[in-house]
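Q: Pasting data-v9.txt here (compact mmCIF, C-alpha atoms):
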# COMPACT_ATOMS: atom_id res chain seq x y z
CA MET A 1 23.34 14.28 2.49
CA VAL A 2 24.03 10.64 3.32
CA MET A 3 24.26 9.62 -0.33
CA SER A 4 26.78 12.37 -1.07
CA CYS A 5 28.94 11.08 1.80
CA ILE A 6 28.68 7.52 0.47
CA TRP A 7 29.62 8.59 -3.09
CA THR A 8 32.51 10.69 -1.78
CA ALA A 9 33.79 7.70 0.22
CA ILE A 10 33.52 5.38 -2.82
CA LEU A 11 35.39 7.86 -5.02
CA THR A 12 38.09 8.41 -2.39
CA VAL A 13 38.65 4.68 -1.89
CA SER A 14 38.76 4.14 -5.68
CA LEU A 15 41.28 6.93 -6.22
CA LEU A 16 43.49 5.80 -3.32
CA SER A 17 43.38 2.16 -4.41
CA ALA A 18 44.21 3.05 -8.02
CA ALA A 19 47.08 5.30 -6.90
CA LEU A 20 48.52 2.70 -4.51
CA LEU A 21 48.24 -0.14 -7.02
CA GLY A 22 49.46 1.94 -9.97
CA ASN A 23 46.20 1.63 -11.92
CA MET A 24 45.42 5.33 -12.46
CA SER A 25 45.41 4.94 -16.27
CA ALA A 26 42.95 2.03 -16.05
CA LEU A 27 40.77 4.06 -13.68
CA SER A 28 40.68 7.09 -15.97
CA ALA A 29 39.93 4.88 -19.01
CA GLY A 30 37.12 3.19 -17.08
CA VAL A 31 35.65 6.53 -16.03
CA LEU A 32 35.60 7.81 -19.61
CA GLN A 33 34.13 4.56 -20.96
CA GLY A 34 31.45 4.55 -18.23
CA ALA A 35 30.49 8.14 -19.01
CA GLN A 36 30.16 7.34 -22.71
CA SER A 37 28.08 4.23 -21.99
CA GLY A 38 25.84 6.23 -19.66
CA ILE A 39 25.08 8.83 -22.33
CA THR A 40 24.39 6.14 -24.96
CA LEU A 41 22.04 4.31 -22.60
CA ALA A 42 20.25 7.53 -21.60
CA LEU A 43 19.58 8.40 -25.25
CA ALA A 44 18.29 4.90 -26.01
CA MET A 45 16.01 4.98 -22.96
CA GLY A 46 14.79 8.49 -23.77
CA GLY A 47 13.36 7.37 -27.10
CA SER A 48 11.57 4.42 -25.57
CA ILE A 49 10.17 6.49 -22.71
CA CYS A 50 8.85 9.06 -25.20
CA LEU A 51 7.21 6.30 -27.24
CA TRP A 52 5.45 4.61 -24.33
CA THR A 53 4.46 7.89 -22.69
CA GLY A 54 2.89 8.88 -26.01
CA VAL A 55 1.06 5.54 -26.10
CA GLY A 56 -0.22 6.29 -22.60
CA HIS A 57 -1.51 9.71 -23.68
CA LEU A 58 -3.19 8.18 -26.73
CA MET A 59 -4.83 5.57 -24.51
CA ASN A 60 -6.16 8.38 -22.34
CA LYS A 61 -7.47 10.40 -25.31
CA VAL A 62 -9.15 7.41 -26.96
CA GLY A 63 -10.79 6.30 -23.71
CA ILE A 64 -8.90 3.08 -23.09
CA THR A 65 -7.76 4.39 -19.71
CA GLU A 66 -11.40 4.99 -18.74
CA MET A 67 -12.30 1.45 -19.82
CA LEU A 68 -9.43 0.09 -17.72
CA ALA A 69 -10.60 2.28 -14.83
CA LYS A 70 -14.03 0.62 -15.02
CA LEU A 71 -12.33 -2.76 -15.07
CA PHE A 72 -10.20 -1.94 -12.01
CA ARG A 73 -12.96 -0.11 -10.09
CA PRO A 74 -14.10 -3.16 -8.03
CA LEU A 75 -10.54 -4.13 -7.11
CA LEU A 76 -9.47 -0.58 -6.28
CA GLY A 77 -12.65 -0.14 -4.23
CA ARG A 78 -11.61 -3.08 -2.06
CA ILE A 79 -7.97 -2.01 -1.68
CA PHE A 80 -8.75 1.72 -1.37
CA PRO A 81 -12.24 2.22 0.13
CA SER A 82 -11.86 6.01 -0.15
CA THR A 83 -12.24 5.74 -3.93
CA ARG A 84 -15.94 4.97 -3.49
CA SER A 85 -16.59 8.50 -2.26
CA ASP A 86 -13.81 10.36 -4.12
CA PRO A 87 -13.96 10.06 -7.94
CA VAL A 88 -10.88 12.28 -8.38
CA LEU A 89 -8.85 9.91 -6.20
CA GLU A 90 -10.22 6.99 -8.18
CA ASN A 91 -9.14 8.64 -11.44
CA HIS A 92 -5.62 9.29 -10.15
CA LEU A 93 -5.30 5.73 -8.85
CA CYS A 94 -6.61 4.18 -12.07
CA SER A 95 -4.25 6.29 -14.18
CA ASN A 96 -1.38 5.35 -11.89
CA VAL A 97 -2.18 1.63 -12.13
CA CYS A 98 -2.52 1.81 -15.94
CA ALA A 99 0.84 3.58 -16.30
CA ASN A 100 2.46 1.02 -14.03
CA LEU A 101 0.93 -1.81 -16.08
CA LEU A 102 2.73 -0.37 -19.10
CA GLY A 103 5.97 -0.26 -17.11
CA LEU A 104 6.04 3.55 -17.19
CA GLY A 105 7.10 4.36 -13.65
CA ASN A 106 8.11 7.86 -14.72
CA ALA A 107 4.61 8.56 -16.08
CA ALA A 108 2.93 6.88 -13.10
CA THR A 109 4.77 8.96 -10.51
CA PRO A 110 2.87 12.27 -10.88
CA MET A 111 -0.49 10.47 -10.69
CA GLY A 112 0.71 8.46 -7.70
CA ILE A 113 1.81 11.66 -5.95
CA GLN A 114 -1.59 13.27 -6.60
CA ALA A 115 -3.35 10.19 -5.25
CA ALA A 116 -1.08 10.14 -2.18
CA GLN A 117 -1.78 13.83 -1.53
CA ARG A 118 -5.54 13.17 -1.66
CA LEU A 119 -5.17 10.18 0.67
CA ALA A 120 -3.06 12.24 3.11
CA ARG A 121 -5.56 15.12 3.40
CA GLY A 122 -6.75 15.66 6.95
CA LYS A 123 -4.44 13.02 8.46
CA ASN A 124 -2.09 15.53 10.17
CA GLY A 125 1.06 13.91 8.83
CA VAL A 126 0.14 10.36 9.82
CA ALA A 127 0.12 7.80 7.01
CA SER A 128 -3.19 5.98 6.74
CA ASP A 129 -3.43 2.30 5.89
CA GLU A 130 -4.63 3.24 2.40
CA LEU A 131 -1.63 5.50 1.85
CA CYS A 132 0.73 2.72 2.95
CA ARG A 133 -0.98 0.30 0.55
CA LEU A 134 -0.64 2.84 -2.28
CA ILE A 135 3.08 3.21 -1.63
CA VAL A 136 3.55 -0.57 -1.52
CA LEU A 137 1.48 -1.09 -4.67
CA ASN A 138 3.35 1.69 -6.47
CA THR A 139 6.74 0.35 -5.44
CA ALA A 140 5.98 -3.27 -6.38
CA SER A 141 3.81 -2.47 -9.38
CA ILE A 142 2.33 -5.10 -11.65
CA GLN A 143 3.79 -4.68 -15.12
CA LEU A 144 2.35 -6.18 -18.28
CA ILE A 145 4.80 -4.36 -20.56
CA PRO A 146 8.10 -3.51 -18.84
CA ALA A 147 8.89 -0.63 -21.20
CA ASN A 148 11.75 0.90 -19.22
CA VAL A 149 13.49 -2.44 -18.63
CA ALA A 150 13.12 -3.31 -22.30
CA ALA A 151 14.60 0.07 -23.20
CA VAL A 152 17.63 -0.59 -21.00
CA ARG A 153 18.07 -4.06 -22.49
CA SER A 154 17.71 -2.70 -26.03
CA GLY A 155 20.13 0.14 -25.31
CA LEU A 156 22.70 -2.37 -24.11
CA GLY A 157 22.44 -4.34 -27.36
CA CYS A 158 19.87 -7.05 -26.57
CA ALA A 159 18.22 -8.34 -29.75
CA THR A 160 15.06 -9.53 -27.94
CA PRO A 161 14.41 -7.07 -25.10
CA PHE A 162 10.91 -8.39 -24.35
CA ASP A 163 11.88 -12.04 -23.84
CA ILE A 164 11.72 -11.42 -20.09
CA LEU A 165 7.92 -10.97 -20.08
CA PRO A 166 6.95 -14.22 -18.27
CA ALA A 167 9.49 -13.60 -15.51
CA VAL A 168 8.34 -9.97 -15.14
CA TRP A 169 4.68 -11.01 -14.95
CA ILE A 170 5.29 -13.65 -12.29
CA THR A 171 7.60 -11.55 -10.13
CA SER A 172 5.51 -8.38 -10.34
CA LEU A 173 2.28 -10.25 -9.49
CA CYS A 174 3.96 -11.98 -6.56
CA SER A 175 5.64 -8.85 -5.22
CA ALA A 176 2.54 -6.66 -5.53
CA GLY A 177 0.24 -9.33 -4.08
CA LEU A 178 2.52 -10.10 -1.16
CA GLY A 179 3.23 -6.43 -0.54
CA VAL A 180 -0.43 -5.40 -0.41
CA THR A 181 -1.27 -8.43 1.74
CA ALA A 182 1.56 -7.62 4.15
CA ALA A 183 0.50 -3.96 4.33
CA TRP A 184 -3.10 -5.02 5.02
CA LEU A 185 -2.06 -7.52 7.72
CA LEU A 186 0.37 -5.12 9.37
CA GLY A 187 -2.29 -2.40 9.34
CA ARG A 188 -4.67 -4.73 11.18
CA LEU A 189 -2.02 -5.86 13.68
CA TRP A 190 -0.91 -2.27 14.34
CA LYS A 191 -4.44 -1.25 15.33
CA ARG A 192 -4.57 -3.92 18.04
For the structure just supplied, provide its representation as structure tokens.
A:
Amino acid sequence: MVMSCIWTAILTVSLLSAALLGNMSALSAGVLQGAQSGITLALAMGGSICLWTGVGHLMNKVGITEMLAKLFRPLLGRIFPSTRSDPVLENHLCSNVCANLLGLGNAATPMGIQAAQRLARGKNGVASDELCRLIVLNTASIQLIPANVAAVRSGLGCATPFDILPAVWITSLCSAGLGVTAAWLLGRLWKR
């Protein structure tokens, strides 16, 4: 509801400003050009998302996801102690982390939702510390291959869409590390 009010206000101010300044033709040309660019970008991103989602499914079928799950098991056990007693939760979390590593937020979301639902069971609507850490980790995910960002860059005409890898690695490691640390510290302070 709030976003619809904000968008309505932005459109109203734009239309009034264009009418008062005599720029209605420029506004209509900009709207049409923006709509065309949006469709072009959506089609370019759709192909990339299909490719990387297919790679994710192949990784799952071949067993690479299970190998990564074994690799992440000690770390996830420390961040999410519930995974030690709930293998289904562990599977959802590992799949979510693997999809986020590939930069596939759209593929990671269903697994993250399933993990969040398992973490929320029996909590009577109160978010546990583990659930808060999951949300923080999902929001500030570590990405090895930023597939969606590369798709946007490629769709907008970038010749080298993956040249941002070092910056993505540093920022995603910092944001995820700081976010999980802050969630852990705030969880401890809140209990006092």
Q: Give me, as JSON, numbers by chain, all polymer residues having an atom no more than 12 Å from A:Leu76, counting all atoms listed in the file and skipping those fewer than 3 positions away in the same chain.
A: {"A": [68, 69, 70, 71, 72, 73, 79, 80, 81, 82, 83, 84, 86, 87, 89, 90, 91, 92, 93, 94, 95, 96, 97, 130, 133, 134, 137, 180]}
Q: Each side padded by 3 Å, which centre and which edge lengths in Å (one decimal) define the axis-aligned box around the listed atoms of stretch 65-75 of chain A? Give them as JSON.
A:
{"center_x": -10.9, "center_y": 0.4, "center_z": -13.5, "size_x": 12.3, "size_y": 15.1, "size_z": 18.7}
Q: Give me, as a list in words, all polymer residues having an atom no more than 7 Å from A:Leu101, counting all atoms listed in the file and skipping those fewer than 2 positions away in the same chain.
A: Val97, Cys98, Ala99, Gly103, Ile142, Gln143, Leu144 and Ile145 of chain A
Q: Atom CA of A:Leu102 to atom CA of A:Gly56: how many Å, to one decimal?
A: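 According to the coordinates, atom CA of A:Leu102 and atom CA of A:Gly56 are separated by 8.1 Å.
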Q: Using atom CA of A:Cys132 and atom CA of A:Asn100 as the two end points, give the distance in Å to one decimal.
A: 17.2 Å
Q: Any idea what the distance is between atom CA of A:Leu104 and atom CA of A:Leu119?
A: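 Going from atom CA of A:Leu104 over to atom CA of A:Leu119 covers 22.1 Å.
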Q: Might you pull out every residue within 12 Å of A:Leu43, with only C-alpha atoms counted and same-chain residues fewer than 6 positions away left off, and present them as a list in words?
A: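 Contacts, in chain order: Gln36, Ser37, Ile49, Cys50, Ala151, Val152, Ser154, Gly155 and Leu156 of chain A.
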Q: Report as a list in words all protein, DNA and RNA residues lying within 10 Å of A:Leu27, evaluated on all atoms listed in the file, omitting residues in the same chain fewer than 5 positions from it.
A: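 Using all atoms listed in the file, the neighbours found are Ser14, Leu15, Ser17, Ala18, Ala19, Gly22, Leu32 and Gln33 of chain A.
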